Each structure stands twice: as C-alpha cells, then as structure tokens.
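Enquirer: Dropping in protein-v8.txt, which is compact mmCIF, C-alpha atoms:
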```txt
# COMPACT_ATOMS: atom_id res chain seq x y z
CA MET R 1 76.79 86.22 121.29
CA HIS R 2 73.49 87.86 120.35
CA GLY R 3 73.25 91.18 122.18
CA ASN R 4 73.54 90.39 125.86
CA THR R 5 72.33 86.80 125.43
CA THR R 6 74.54 83.75 125.00
CA ARG R 7 72.87 81.07 122.89
CA LEU R 8 73.74 77.49 123.84
CA ALA R 9 72.58 74.56 121.72
CA ILE R 10 72.61 71.16 123.42
CA VAL R 11 72.72 67.96 121.36
CA VAL R 12 71.66 64.85 123.28
CA SER R 13 69.96 61.61 122.28
CA HIS R 14 66.78 61.87 124.38
CA PRO R 15 65.35 63.34 127.59
CA ILE R 16 67.39 62.04 130.51
CA GLN R 17 66.30 62.43 134.11
CA TYR R 18 69.73 63.60 135.20
CA TYR R 19 70.05 66.29 132.51
CA ALA R 20 66.55 67.79 132.54
CA PRO R 21 67.11 69.80 135.76
CA LEU R 22 70.27 71.27 134.22
CA HIS R 23 68.41 72.28 131.06
CA GLN R 24 65.69 73.89 133.17
CA ARG R 25 68.16 75.87 135.26
CA LEU R 26 70.06 77.10 132.21
CA SER R 27 66.82 78.13 130.53
CA ALA R 28 65.86 80.21 133.56
CA ARG R 29 69.30 81.81 133.78
CA SER R 30 69.56 85.50 132.98
CA GLY R 31 71.59 86.23 129.84
CA TYR R 32 71.21 82.71 128.46
CA ALA R 33 69.04 81.12 125.79
CA ILE R 34 69.23 77.36 125.35
CA LYS R 35 67.69 74.90 122.98
CA VAL R 36 68.00 71.13 123.28
CA PHE R 37 68.12 69.03 120.11
CA PHE R 38 67.08 65.42 120.67
CA THR R 39 68.45 62.93 118.16
CA TRP R 40 66.50 59.79 119.18
CA HIS R 41 63.19 60.63 120.84
CA ALA R 42 61.57 63.33 122.96
CA GLY R 43 60.11 61.08 125.65
CA GLU R 44 56.60 61.23 124.22
CA ALA R 45 56.10 57.45 124.52
CA ALA R 46 57.51 54.50 126.44
CA ILE R 47 60.76 53.21 124.93
CA ARG R 48 62.11 49.71 125.41
CA ASP R 49 65.08 49.75 127.76
CA ARG R 50 67.39 46.84 126.96
CA GLY R 51 68.90 46.77 130.43
CA PHE R 52 65.58 46.70 132.26
CA GLY R 53 64.14 44.35 129.65
CA ARG R 54 60.93 46.35 129.40
CA SER R 55 59.45 49.54 127.97
CA VAL R 56 60.01 52.54 130.22
CA ALA R 57 58.35 55.95 130.40
CA TRP R 58 59.60 58.05 133.31
CA ASP R 59 56.81 59.50 135.47
CA ILE R 60 58.44 62.87 136.11
CA PRO R 61 58.43 65.77 133.60
CA LEU R 62 61.63 65.75 131.53
CA THR R 63 60.84 68.24 128.75
CA GLU R 64 59.20 71.05 130.72
CA GLY R 65 60.84 74.40 131.42
CA TYR R 66 63.13 74.62 128.38
CA ASP R 67 62.95 74.83 124.60
CA PHE R 68 63.63 71.66 122.62
CA GLU R 69 63.39 70.26 119.13
CA LEU R 70 63.24 66.66 117.93
CA VAL R 71 65.52 66.08 114.94
CA PRO R 72 64.22 63.40 112.53
CA ASN R 73 66.12 60.13 112.94
CA VAL R 74 66.25 57.94 109.81
CA ALA R 75 68.07 54.98 111.40
CA ALA R 76 66.66 51.56 110.50
CA ASP R 77 67.16 50.44 114.11
CA PRO R 78 66.96 53.67 116.14
CA GLY R 79 68.56 53.90 119.56
CA THR R 80 71.79 54.46 121.44
CA HIS R 81 72.82 50.80 121.46
CA HIS R 82 74.84 51.01 118.23
CA PHE R 83 76.75 53.58 116.16
CA PHE R 84 74.17 53.93 113.38
CA GLY R 85 71.23 54.11 115.79
CA LEU R 86 71.32 57.91 115.58
CA ARG R 87 71.26 59.07 111.96
CA ASN R 88 69.92 62.60 111.68
CA PRO R 89 70.77 64.14 108.28
CA ALA R 90 69.18 67.48 109.24
CA LEU R 91 70.93 67.84 112.61
CA VAL R 92 73.69 70.26 111.69
CA GLU R 93 71.39 72.52 109.66
CA GLN R 94 68.69 72.55 112.33
CA VAL R 95 71.19 73.53 115.00
CA ARG R 96 72.88 76.05 112.74
CA ALA R 97 69.50 77.66 111.87
CA TRP R 98 69.09 78.49 115.56
CA HIS R 99 72.36 80.52 115.43
CA PRO R 100 74.08 79.21 118.55
CA ASP R 101 77.20 80.79 120.03
CA VAL R 102 78.30 77.44 121.49
CA VAL R 103 77.17 73.85 120.87
CA HIS R 104 77.25 71.23 123.64
CA VAL R 105 77.41 67.64 122.36
CA THR R 106 76.86 64.64 124.63
CA GLY R 107 78.59 61.47 123.42
CA TRP R 108 80.58 60.83 120.22
CA ALA R 109 79.86 57.14 119.59
CA TRP R 110 76.91 57.71 117.25
CA HIS R 111 76.95 58.69 113.60
CA SER R 112 75.08 61.98 113.97
CA HIS R 113 76.94 63.25 117.01
CA LEU R 114 80.30 62.46 115.45
CA THR R 115 79.28 64.17 112.22
CA ALA R 116 78.10 67.23 114.14
CA LEU R 117 81.36 67.56 116.06
CA ARG R 118 83.31 67.56 112.81
CA ALA R 119 80.92 69.91 111.02
CA PHE R 120 80.84 72.55 113.73
CA SER R 121 84.61 72.42 114.07
CA ARG R 122 84.96 73.14 110.35
CA MET R 123 82.42 75.98 110.60
CA GLY R 124 84.30 77.59 113.47
CA VAL R 125 81.42 77.11 115.92
CA PRO R 126 82.93 76.20 119.32
CA THR R 127 81.74 72.91 120.76
CA LEU R 128 81.86 71.53 124.28
CA PHE R 129 82.05 67.76 124.42
CA ARG R 130 80.67 65.77 127.34
CA GLY R 131 81.02 62.05 127.90
CA ASP R 132 81.88 59.85 130.86
CA SER R 133 84.17 57.17 129.45
CA HIS R 134 87.05 55.84 131.54
CA LEU R 135 89.74 53.17 131.45
CA LEU R 136 88.77 51.29 134.62
CA ASP R 137 87.73 48.31 132.51
CA GLY R 138 91.10 48.23 130.72
CA GLU R 139 91.97 49.03 127.13
CA PRO R 140 91.10 46.81 124.14
CA MET R 141 93.65 44.36 122.83
CA TRP R 142 95.94 45.25 119.97
CA PRO R 143 95.12 46.08 117.10
CA ARG R 144 91.77 47.44 118.33
CA ARG R 145 93.66 49.58 120.83
CA TRP R 146 95.76 51.11 118.06
CA LEU R 147 92.65 51.73 115.95
CA LYS R 148 90.78 53.37 118.82
CA ARG R 149 93.70 55.60 119.70
CA THR R 150 94.07 56.62 116.05
CA VAL R 151 90.38 57.39 115.61
CA LEU R 152 89.97 59.23 118.90
CA GLY R 153 93.19 61.11 118.33
CA GLN R 154 91.46 62.66 115.32
CA VAL R 155 87.98 63.03 116.82
CA PHE R 156 89.29 64.72 119.94
CA LYS R 157 90.83 67.51 117.86
CA TRP R 158 87.36 68.82 116.98
CA PRO R 159 85.85 70.06 120.29
CA ALA R 160 86.97 73.43 121.65
CA ALA R 161 86.98 71.91 125.15
CA PHE R 162 85.99 68.80 127.09
CA LEU R 163 83.76 68.72 130.15
CA ALA R 164 85.48 66.25 132.48
CA VAL R 165 82.85 64.73 134.77
CA GLY R 166 85.38 63.27 137.20
CA ALA R 167 88.91 62.05 137.82
CA VAL R 168 88.79 58.83 135.81
CA ASN R 169 87.04 60.56 132.91
CA ARG R 170 89.76 63.21 132.90
CA ALA R 171 92.42 60.50 132.87
CA TYR R 172 90.69 58.94 129.85
CA TYR R 173 90.97 62.14 127.84
CA GLU R 174 94.59 62.60 128.89
CA ARG R 175 95.34 59.05 127.75
CA PHE R 176 94.12 59.97 124.27
CA GLY R 177 96.22 63.10 124.08
CA VAL R 178 93.82 65.86 125.12
CA ALA R 179 95.85 68.75 126.54
CA ALA R 180 95.16 69.97 130.08
CA ASP R 181 94.07 73.42 128.90
CA ARG R 182 91.15 71.82 126.99
CA LEU R 183 89.84 69.91 130.02
CA ILE R 184 87.26 71.74 132.14
CA PRO R 185 85.84 70.16 135.33
CA CYS R 186 82.05 69.76 135.10
CA PRO R 187 80.90 67.02 137.47
CA HIS R 188 78.08 64.57 137.00
CA SER R 189 75.32 65.54 139.41
CA ILE R 190 71.68 65.20 140.37
CA ASP R 191 68.95 67.49 141.62
CA VAL R 192 69.68 66.79 145.30
CA ARG R 193 66.54 68.52 146.56
CA ARG R 194 64.24 66.12 144.68
CA PHE R 195 65.67 63.23 146.70
CA ALA R 196 66.36 65.03 149.97
CA GLU R 197 63.03 66.79 150.60
CA PRO R 198 60.59 66.32 152.24
CA ALA R 199 62.85 64.03 154.25
CA ASP R 200 60.40 63.28 157.09
CA GLU R 201 57.64 62.25 154.68
CA PHE R 202 59.99 60.05 152.64
CA GLU R 203 61.30 58.38 155.79
CA ARG R 204 57.77 57.76 157.08
CA ARG R 205 56.73 56.10 153.82
CA ALA R 206 59.89 53.98 153.77
CA THR R 207 59.26 52.82 157.34
CA GLU R 208 55.72 51.76 156.42
CA TRP R 209 57.00 49.94 153.35
CA ARG R 210 59.56 48.02 155.42
CA ARG R 211 56.77 46.91 157.73
CA GLU R 212 54.77 45.71 154.74
CA LEU R 213 57.83 43.71 153.68
CA ALA R 214 57.96 42.10 157.16
CA ILE R 215 61.33 43.62 157.98
CA GLY R 216 61.68 44.06 161.74
CA LYS R 217 63.25 47.04 163.49
CA GLY R 218 66.39 45.16 164.45
CA ARG R 219 67.35 44.28 160.88
CA ILE R 220 70.05 46.05 158.87
CA VAL R 221 68.81 46.50 155.32
CA LEU R 222 71.08 46.44 152.29
CA LEU R 223 69.67 47.82 149.05
CA PHE R 224 70.41 47.15 145.40
CA ALA R 225 68.38 49.21 142.91
CA GLY R 226 68.96 49.07 139.18
CA LYS R 227 69.07 46.85 136.14
CA LEU R 228 69.37 43.17 136.95
CA GLU R 229 72.16 42.54 134.47
CA ARG R 230 75.42 40.63 134.71
CA LYS R 231 77.76 43.62 134.80
CA LYS R 232 76.05 44.90 137.96
CA ARG R 233 76.57 41.50 139.66
CA PRO R 234 73.28 41.15 141.56
CA ILE R 235 73.71 37.40 142.03
CA GLU R 236 77.22 37.85 143.41
CA LEU R 237 75.86 40.39 145.88
CA MET R 238 73.18 37.96 147.05
CA LYS R 239 75.77 35.22 147.52
CA ALA R 240 78.05 37.60 149.44
CA VAL R 241 75.27 38.48 151.88
CA GLN R 242 74.49 34.80 152.45
CA SER R 243 78.16 34.02 153.02
CA ILE R 244 78.36 36.50 155.90
CA GLY R 245 75.83 34.52 157.91
CA ASP R 246 74.59 37.54 159.89
CA SER R 247 70.91 37.07 160.76
CA ARG R 248 70.45 40.84 161.13
CA LEU R 249 71.07 41.42 157.41
CA VAL R 250 68.35 41.54 154.79
CA LEU R 251 68.97 42.47 151.17
CA ILE R 252 66.29 44.18 149.08
CA MET R 253 66.73 43.78 145.33
CA VAL R 254 64.84 46.39 143.28
CA GLY R 255 64.67 46.29 139.49
CA SER R 256 64.20 44.16 136.41
CA GLY R 257 66.31 42.74 133.62
CA GLU R 258 67.88 39.60 132.21
CA LEU R 259 68.69 38.08 135.61
CA GLU R 260 65.31 38.75 137.21
CA ARG R 261 64.19 35.12 137.14
CA GLU R 262 67.47 33.98 138.70
CA VAL R 263 67.29 36.70 141.36
CA ARG R 264 63.74 35.77 142.29
CA ALA R 265 64.54 32.06 142.43
CA MET R 266 67.44 32.69 144.78
CA ALA R 267 65.31 34.98 146.94
CA CYS R 268 62.59 32.34 147.21
CA SER R 269 65.14 29.85 148.51
CA ASP R 270 66.01 32.18 151.41
CA ALA R 271 62.98 34.32 152.23
CA GLU R 272 64.46 35.45 155.54
CA CYS R 273 67.49 37.02 153.87
CA PHE R 274 66.02 38.54 150.70
CA ARG R 275 63.17 40.69 149.42
CA VAL R 276 62.62 41.41 145.72
CA LEU R 277 60.71 44.40 144.36
CA PRO R 278 59.86 45.11 140.72
CA PHE R 279 61.06 48.07 138.68
CA GLN R 280 60.19 51.36 140.38
CA ASN R 281 59.65 54.61 138.51
CA GLN R 282 61.40 57.91 139.22
CA SER R 283 58.83 59.49 141.52
CA ARG R 284 59.14 56.50 143.84
CA MET R 285 62.94 56.44 144.11
CA PRO R 286 63.38 58.87 147.06
CA VAL R 287 61.42 56.35 149.13
CA VAL R 288 63.07 53.28 147.58
CA TYR R 289 66.57 54.39 148.61
CA ARG R 290 65.34 54.94 152.17
CA LEU R 291 64.26 51.30 152.43
CA GLY R 292 67.92 50.49 152.94
CA ASP R 293 70.47 51.36 155.58
CA LEU R 294 73.26 50.87 153.04
CA PHE R 295 73.15 51.14 149.24
CA VAL R 296 75.36 48.70 147.32
CA LEU R 297 76.54 48.96 143.70
CA PRO R 298 78.90 46.01 143.02
CA SER R 299 79.41 46.45 139.26
CA SER R 300 82.36 44.65 137.66
CA HIS R 301 82.55 46.75 134.47
CA GLY R 302 80.65 49.16 132.24
CA GLU R 303 79.65 51.53 135.06
CA THR R 304 80.73 54.88 133.60
CA TRP R 305 79.59 56.84 136.68
CA GLY R 306 76.75 55.33 138.72
CA LEU R 307 74.41 58.24 139.45
CA ALA R 308 72.35 55.96 141.68
CA VAL R 309 75.20 56.46 144.17
CA ASN R 310 74.57 60.21 144.15
CA GLU R 311 70.85 59.59 144.63
CA ALA R 312 71.37 57.26 147.58
CA LEU R 313 73.65 59.80 149.26
CA ALA R 314 71.04 62.53 148.75
CA CYS R 315 68.57 60.27 150.57
CA GLY R 316 70.94 60.11 153.54
CA ARG R 317 72.20 56.61 152.91
CA PRO R 318 75.84 55.51 152.96
CA VAL R 319 77.13 53.56 149.97
CA LEU R 320 79.36 50.62 149.14
CA VAL R 321 80.63 50.56 145.55
CA SER R 322 83.21 48.63 143.58
CA ASP R 323 86.40 50.24 142.35
CA ARG R 324 85.10 49.77 138.79
CA VAL R 325 82.33 52.32 139.33
CA GLY R 326 83.26 55.60 137.66
CA CYS R 327 82.18 57.88 140.51
CA ALA R 328 84.03 55.99 143.26
CA ARG R 329 87.16 58.13 143.29
CA ASP R 330 85.27 61.43 143.25
CA VAL R 331 82.16 60.85 145.32
CA VAL R 332 82.83 58.16 147.94
CA ASN R 333 84.95 58.89 151.00
CA PRO R 334 85.23 57.12 154.39
CA SER R 335 82.71 59.44 156.03
CA CYS R 336 79.87 58.34 153.72
CA GLY R 337 80.83 54.92 152.41
CA ALA R 338 83.48 52.58 151.14
CA VAL R 339 85.00 51.18 147.95
CA PHE R 340 85.85 47.50 147.52
CA ALA R 341 88.03 45.73 144.96
CA ALA R 342 85.73 44.32 142.27
CA HIS R 343 87.99 41.44 141.29
CA SER R 344 89.08 40.36 144.76
CA PRO R 345 86.98 37.28 145.63
CA ASP R 346 86.22 38.14 149.26
CA SER R 347 86.41 41.93 149.15
CA LEU R 348 82.66 42.50 148.83
CA SER R 349 81.67 40.29 151.75
CA ARG R 350 84.47 41.69 153.94
CA SER R 351 83.37 45.25 153.21
CA LEU R 352 79.73 44.42 153.89
CA SER R 353 80.68 42.84 157.23
CA GLU R 354 82.78 45.82 158.24
CA LEU R 355 80.16 48.43 157.36
CA THR R 356 77.25 46.62 159.02
CA LYS R 357 78.84 45.50 162.27
CA ASP R 358 77.95 48.81 164.00
CA ALA R 359 74.42 50.03 163.27
CA GLU R 360 74.92 53.37 165.01
CA LYS R 361 78.05 54.10 162.98
CA LEU R 362 76.09 53.29 159.83
CA ARG R 363 73.44 55.85 160.82
CA ASN R 364 76.14 58.47 161.40
CA MET R 365 77.53 57.72 157.95
CA GLY R 366 74.05 58.34 156.58
CA ARG R 367 74.06 61.84 157.99
CA ALA R 368 77.46 62.47 156.42
CA ALA R 369 76.15 61.03 153.15
CA ALA R 370 73.43 63.69 152.98
CA GLN R 371 76.08 66.40 153.30
CA ARG R 372 78.38 64.74 150.78
CA ALA R 373 75.61 64.65 148.18
CA ARG R 374 75.47 68.45 148.08
CA ALA R 375 78.98 68.63 146.63
CA PHE R 376 77.49 67.03 143.50
CA ASP R 377 74.26 69.01 143.22
CA ILE R 378 72.98 70.18 139.83
CA GLY R 379 73.81 73.79 140.71
CA ILE R 380 77.51 72.91 140.83
CA THR R 381 77.32 71.52 137.31
CA GLU R 382 75.41 74.56 136.08
CA THR R 383 78.09 76.93 137.36
CA SER R 384 80.87 74.82 135.84
CA LEU R 385 79.13 74.60 132.47
CA VAL R 386 78.50 78.35 132.30
CA LYS R 387 82.18 79.00 132.96
CA ALA R 388 83.07 76.57 130.18
CA VAL R 389 80.68 78.23 127.73
CA GLU R 390 82.09 81.67 128.45
CA ARG R 391 85.63 80.39 128.09
CA VAL R 392 85.22 78.79 124.65
CA ARG R 393 82.97 81.58 123.38
CA LEU R 394 85.74 84.11 123.98
CA GLN R 395 88.52 82.03 122.43
```
Could you spell out this file's structure in structure tokens?

Expert:
Amino acid sequence: MHGNTTRLAIVVSHPIQYYAPLHQRLSARSGYAIKVFFTWHAGEAAIRDRGFGRSVAWDIPLTEGYDFELVPNVAADPGTHHFFGLRNPALVEQVRAWHPDVVHVTGWAWHSHLTALRAFSRMGVPTLFRGDSHLLDGEPMWPRRWLKRTVLGQVFKWPAAFLAVGAVNRAYYERFGVAADRLIPCPHSIDVRRFAEPADEFERRATEWRRELAIGKGRIVLLFAGKLERKKRPIELMKAVQSIGDSRLVLIMVGSGELEREVRAMACSDAECFRVLPFQNQSRMPVVYRLGDLFVLPSSHGETWGLAVNEALACGRPVLVSDRVGCARDVVNPSCGAVFAAHSPDSLSRSLSELTKDAEKLRNMGRAAAQRARAFDIGITETSLVKAVERVRLQ
C-alpha cells in the first residue's frame, strides 16, 4: 500500500466490454489506483473474431476512464485462441515497475499470464486469479485428465486467492484442490444501466423494428443473438421452433459465423417462422434484446458463463438456457426464466412450448427479469473485488 492508496494492477488480454465498466468504477474509487495491462491489443483497430467470422471493433468506448498500458506481444500468431498467442517478455517487469500492491490476472491458459502468476508468487506480490472454467462439459479422458490435474495442481498454488464467478466455477476450483479459504465470490456481471435505460426509448425503437420486420402484434418472438457456431446450436433451435407448430411463434436469429449460410437457407424456406439479422454492434444491443419476448441460449458446450443472458434480463426479457450454460445455476430462476437439459432430445421444444403458451405470464416474467438482473450488476462485482483485494493485501 502506498500511503492511503491501494495500487491494483490488472492483467487482461484486451479491452472487453464486460470488464471496462469495472475498470472505470475502480479508477474512480477513492483510495484506489488501478492500471490495466493489455497483453494482446488495446482495441485501437478491428480484430478478426473467429466465432463471428469477421473483424470486429466495438462501437462503445472501452479504454476511457482508466489508465492502461499495452505490453508488446511477440507471438507469431497473436491472439487468445492458443497458448502461445500471448507472449509478452516485458510483462512482469512492466507491471512490477508500476509498484502494485496486488495483481489481478484474468485467465491462465496463455504463456504470459501463466508466467506472470508464477513470477509474482515468487516475488511475494499477492495475485488474484479470475477465470470462469467449469466442469459442465465433463473432464478429459485419461491420461489427459491426469495431466491436467497435475499441471493445475501446481498452477493453482501460485495465486493468493481465486475470484469465483459462480457456483460451477467454484466447483471447478474445488475439484482441482483449491481450499475454501482461497475462494472469494466475485460474480460475473454487466453494467445493467446501459441496457435498462432509457427503457421507454429502447422499447419504442424495438417496436418500430418489429414492424419493419413484418412481425404482427399477436406474435410471440423468440430471440437468439450471438455467434452462429455449432456449440451454440442455432440450427437445433430453429428446428425446435418448427417442431412446435405454433403459428404465433417467430424466431429472430441475430449474428454471424460459420453457420450463417445454413441459418439463412433454413430461414428462407420458412419466411413466416424466421427472421435473420446480421451482426449487431454493442450500442444496438439494448434494442436488439427487446425485439424478443423470450431470449434463448441453447448451447451444448463451451459456454463458460453466457453474459448475453445477463444482458437480456437487464432489458426486461425472460430467458431460456441450457443446463450447459455456466450462469444457469446462479442467474436463472423460475421467476425470470427456465433451464432445459441440453442433451435431452425434446427438452428444448418442450420448454419453449411451456414458456410461450401464456403471453401474459411471459410479460410478467419479463418484469421479474429486470429485477433479477440487478443482482448481477457491475457494482456488486466491484464491491466483491475490493473486499478480495483488501483481504490478500493484508495477508
């Protein structure tokens, strides 16, 4: 601690729309100084997103309101898609030169972040580790399972504490031997206000958009918004809606990715049931979520949390998610949505039928959704993180 100021260094790959509000709040907090060290890029140009299958530059400010530094990355193929995509030889020294009291590291599965965790542990600088891995997708087969447990058993000795984003993430750490006294709750969250307000204006724009899409007032609109990739099962969702045979239902598919051509072809074959919209940038999303009466995330695997669920709730929309979505156990309850079994053949269509049979009940769930979202607002995460920083700093 430097005088009355606690200095927190944050190591993260690049500006992320979910983290920027947290960085801004911490920077404005009395008694705190923060600096973010980016190990891939600082958002200064569009970067190709493999999931969306296109270059993406978010249209909201992600590096304003806090101090940051880009650490040179010497990787031959830079990015977060493989272990050696983040190679930053100067990372530890650049962070150390700032004289932090605590270092927050997001993710271990890259060369530089792993090296930093080990280096700061050896220097006696307390680190907080944040990730969102879980075991919902099962563990790897032997001997990869033995190797992973051996490696993580060592790696997980280095952080002073772990920021558990939810129940299944906490269970993951426990599975790899992390003691309960090193696990600190620090939930994944969003800036709820950005999606919730001004509600009347967002709703008006969504209503106009639905008219432009030729969706009548009597229809019940289901919404999928995200990467059109196999693990999110967009085609299976489209087939499930068709199988219900309810003429009131219309499904809007928003996004881009490897399955876009297949999604569009299927939509063209049933224009009454489907609408397809291209990738939408961040500033547009509070209106996009309001196009639907129910948001659906049917992922089969690889969905570590699913922050789109939080965003939909903040827009006053109930949600239907699979039990393989990381946030399901923490965020979704019967007042604001439902969880279906990802690997049960008819579970998705049954859940869709149940949730959409009563339009008035669905609207009531939307009101509950808006309230539920506030339990996962960015301010909750800020308070949890500050408590964690103070705890490890005093150890």

Enquirer: Considering only C-alpha atoms, state which residue in the set R:Lys217, R:Arg130, R:His113, R:Arg372 is at the smallest distance from R:Val332.

Expert: R:Arg372

Enquirer: Could you pull the residues within 7 Å of stretch 78-95 of chain R, counting only C-alpha atoms, minus those fewer than 3 positions along the same chain, as an MDAnalysis selection string?

Expert: chainID R and resid 9 39:40 71:75 98 109:112 116

Enquirer: Can you list, as a VMD selection string, every protein, DNA or RNA residue that comes within 10 Å of stretch 309-318 of chain R when you count all atoms listed in the file, leaving out same-chain residues fewer than 4 positions away?

Expert: chain R and resid 188 to 197 199 202 to 203 223 225 285 to 297 305 325 327 to 328 331 to 338 355 362 to 377

Enquirer: To one decimal place, how far is atom CA of R:Leu163 from atom CA of R:Ser384 in Å?

Expert: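 Distance reported for this atom pair: 8.8 Å.
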
Enquirer: Counting only C-alpha atoms, what is within 12 Å of R:Ser347, bar same-chain residues fewer than 3 positions away, as a PDB file with C-alpha atoms, in the frame of the given file?

Expert:
```pdb
ATOM      1  CA  GLU R 236      77.220  37.850 143.410  1.00  0.00           C
ATOM      2  CA  LEU R 237      75.860  40.390 145.880  1.00  0.00           C
ATOM      3  CA  ALA R 240      78.050  37.600 149.440  1.00  0.00           C
ATOM      4  CA  VAL R 241      75.270  38.480 151.880  1.00  0.00           C
ATOM      5  CA  ILE R 244      78.360  36.500 155.900  1.00  0.00           C
ATOM      6  CA  PRO R 298      78.900  46.010 143.020  1.00  0.00           C
ATOM      7  CA  LEU R 320      79.360  50.620 149.140  1.00  0.00           C
ATOM      8  CA  VAL R 321      80.630  50.560 145.550  1.00  0.00           C
ATOM      9  CA  SER R 322      83.210  48.630 143.580  1.00  0.00           C
ATOM     10  CA  ASP R 323      86.400  50.240 142.350  1.00  0.00           C
ATOM     11  CA  ALA R 338      83.480  52.580 151.140  1.00  0.00           C
ATOM     12  CA  VAL R 339      85.000  51.180 147.950  1.00  0.00           C
ATOM     13  CA  PHE R 340      85.850  47.500 147.520  1.00  0.00           C
ATOM     14  CA  ALA R 341      88.030  45.730 144.960  1.00  0.00           C
ATOM     15  CA  ALA R 342      85.730  44.320 142.270  1.00  0.00           C
ATOM     16  CA  HIS R 343      87.990  41.440 141.290  1.00  0.00           C
ATOM     17  CA  SER R 344      89.080  40.360 144.760  1.00  0.00           C
ATOM     18  CA  ARG R 350      84.470  41.690 153.940  1.00  0.00           C
ATOM     19  CA  SER R 351      83.370  45.250 153.210  1.00  0.00           C
ATOM     20  CA  LEU R 352      79.730  44.420 153.890  1.00  0.00           C
ATOM     21  CA  SER R 353      80.680  42.840 157.230  1.00  0.00           C
ATOM     22  CA  GLU R 354      82.780  45.820 158.240  1.00  0.00           C
TER      23      GLU R 354
END
```

Enquirer: Kindly give the distance, in Å, that separates atom CA of R:Met266 and atom CA of R:Leu348, rounded to a single decimal.

Expert: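 These two atoms are separated by 18.6 Å.
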
Enquirer: With all atoms listed in the file as the atoms that count, which of R:Arg248, R:Arg210, R:Arg233, R:Arg145 lies nearest to R:Arg275?

Expert: R:Arg210

Enquirer: Using only C-alpha atoms, pick whichever of R:Leu259, R:Val178, R:Leu70, R:Ala57 has the shortest atom-to-atom distance to R:Gln280.

Expert: R:Ala57

Enquirer: Find, counting only C-alpha atoms, the residue in R:Arg219, R:Arg96, R:Pro187, R:Asp346 that gets nearest to R:Ile380.

Expert: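 Checking each of R:Arg219, R:Arg96, R:Pro187, R:Asp346 against R:Ile380, counting only C-alpha atoms, the winner is R:Pro187.
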
Enquirer: If we count all atoms listed in the file, what is near R:Val125 at a cut-off of 8 Å, once residues fewer than 3 positions away on the same chain are taken out, given as JSON, numbers by chain?

Expert: {"R": [101, 102, 103, 120, 121, 122]}

Enquirer: Which one is closest to R:Ile184: R:Val12, R:Cys273, R:Val254, R:Val389? Count only C-alpha atoms.

Expert: R:Val389

Enquirer: R:Glu272: which residues within 9 Å, counting all atoms listed in the file, same-chain residues fewer than 4 positions away excluded, as a compact mmCIF listing (two decimals) with C-alpha atoms, in the frame of the given file?

Expert:
```
# COMPACT_ATOMS: atom_id res chain seq x y z
CA SER R 247 70.91 37.07 160.76
CA VAL R 250 68.35 41.54 154.79
CA ALA R 267 65.31 34.98 146.94
```

Enquirer: Which value, in Å to one decimal, gives the distance between atom CA of R:Thr63 and atom CA of R:Ala160?

Expert: 27.6 Å
